[in-house]
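Visitor: This is the structure, below, for whatever I ask next.
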Amino acid sequence: REEYGRYGNPTVRAVEAKIAALEGAQDAIVVSSGMAAVTATLLMLLQPGQHFILTDNCYHSTLEFSQGFLKRYGI
């Protein structure tokens, strides 16, 4: 039984399944914003000591997140 939308619901799971099928992927995830997508991706892929490159005209919140939060964690 789905009780709280933050943890998913049948509609979101159906959309994720459709997107995965359309893309030929094993799974997909739907998030509430572009920044949520960026954050989830960077946290999943990067580990302390690793580096990545951003362009100087990237979304400003992504730059702030990278120079603040990620820097504190050694990324």
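Just so we're on the same page: first chain in the structure tokens is A, next is B, and so on; residues restart at 1 for each chain, and ligands are numbered from 1 in the order they show up.
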Fewer than 5 positions away in the same chain doesn't count, so skip those; otherwise give me all residues within 10 Å of segment 28-38 of chain A, counting only C-alpha atoms, as a list in words.

Guide: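 Residues near the query, excluding close chain neighbours: Arg6, Gly8, Val12, Arg13, Val15, Glu16, Ala17, Lys18, Ile19, Ala20, Ala21, Glu23, Leu43, Met44, Tyr59, Ser61, Thr62 and Phe65 of chain A.
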
Visitor: Output C-alpha atoms for every residue in that selection, as a short mmCIF file (atom, residue, chain, number, x, y, z; two decimals), in the first residue's frame.

Guide:
data_model
loop_
_atom_site.label_atom_id
_atom_site.label_comp_id
_atom_site.auth_asym_id
_atom_site.auth_seq_id
_atom_site.Cartn_x
_atom_site.Cartn_y
_atom_site.Cartn_z
CA ARG A 6 7.72 10.95 -1.51
CA GLY A 8 6.62 6.58 -4.78
CA VAL A 12 5.04 7.29 -10.76
CA ARG A 13 6.09 3.65 -10.99
CA VAL A 15 5.65 6.32 -15.75
CA GLU A 16 9.10 5.02 -14.81
CA ALA A 17 8.31 1.63 -16.35
CA LYS A 18 7.05 3.26 -19.58
CA ILE A 19 10.13 5.48 -19.88
CA ALA A 20 12.42 2.51 -19.28
CA ALA A 21 10.59 0.51 -21.95
CA GLU A 23 14.46 3.84 -23.85
CA LEU A 43 26.11 11.52 -5.88
CA MET A 44 25.69 8.14 -7.54
CA TYR A 59 23.01 26.08 -14.29
CA SER A 61 22.57 25.97 -8.70
CA THR A 62 24.59 23.06 -10.08
CA PHE A 65 26.10 22.52 -5.28
#

Visitor: Just the residues within 12 Å of Ser66 of chain A, please, counting only C-alpha atoms, with nothing from its chain fewer than 4 positions along; format it as a count of residues only.

Guide: 22

Visitor: Between atom CA of Phe69 of chain A and atom CA of Ala40 of chain A, what is the spacing in Å?

Guide: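 Taking atom CA of Ala40 of chain A and atom CA of Phe69 of chain A, their separation equals 12.9 Å.
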
Visitor: Among segment 14-65 of chain A, which ones does DSSP assign to alpha helix (DSSP H) (computed from the backbone)? Answer as a PyMOL selection string.

Guide: chain A and resi 14-23+34-45+60-65

Visitor: Please, what distance in Å, to one decimal, runs between atom CA of Glu64 of chain A and atom CA of Gln47 of chain A?

Guide: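 Calculated distance between atom CA of Glu64 of chain A and atom CA of Gln47 of chain A is 18.0 Å.
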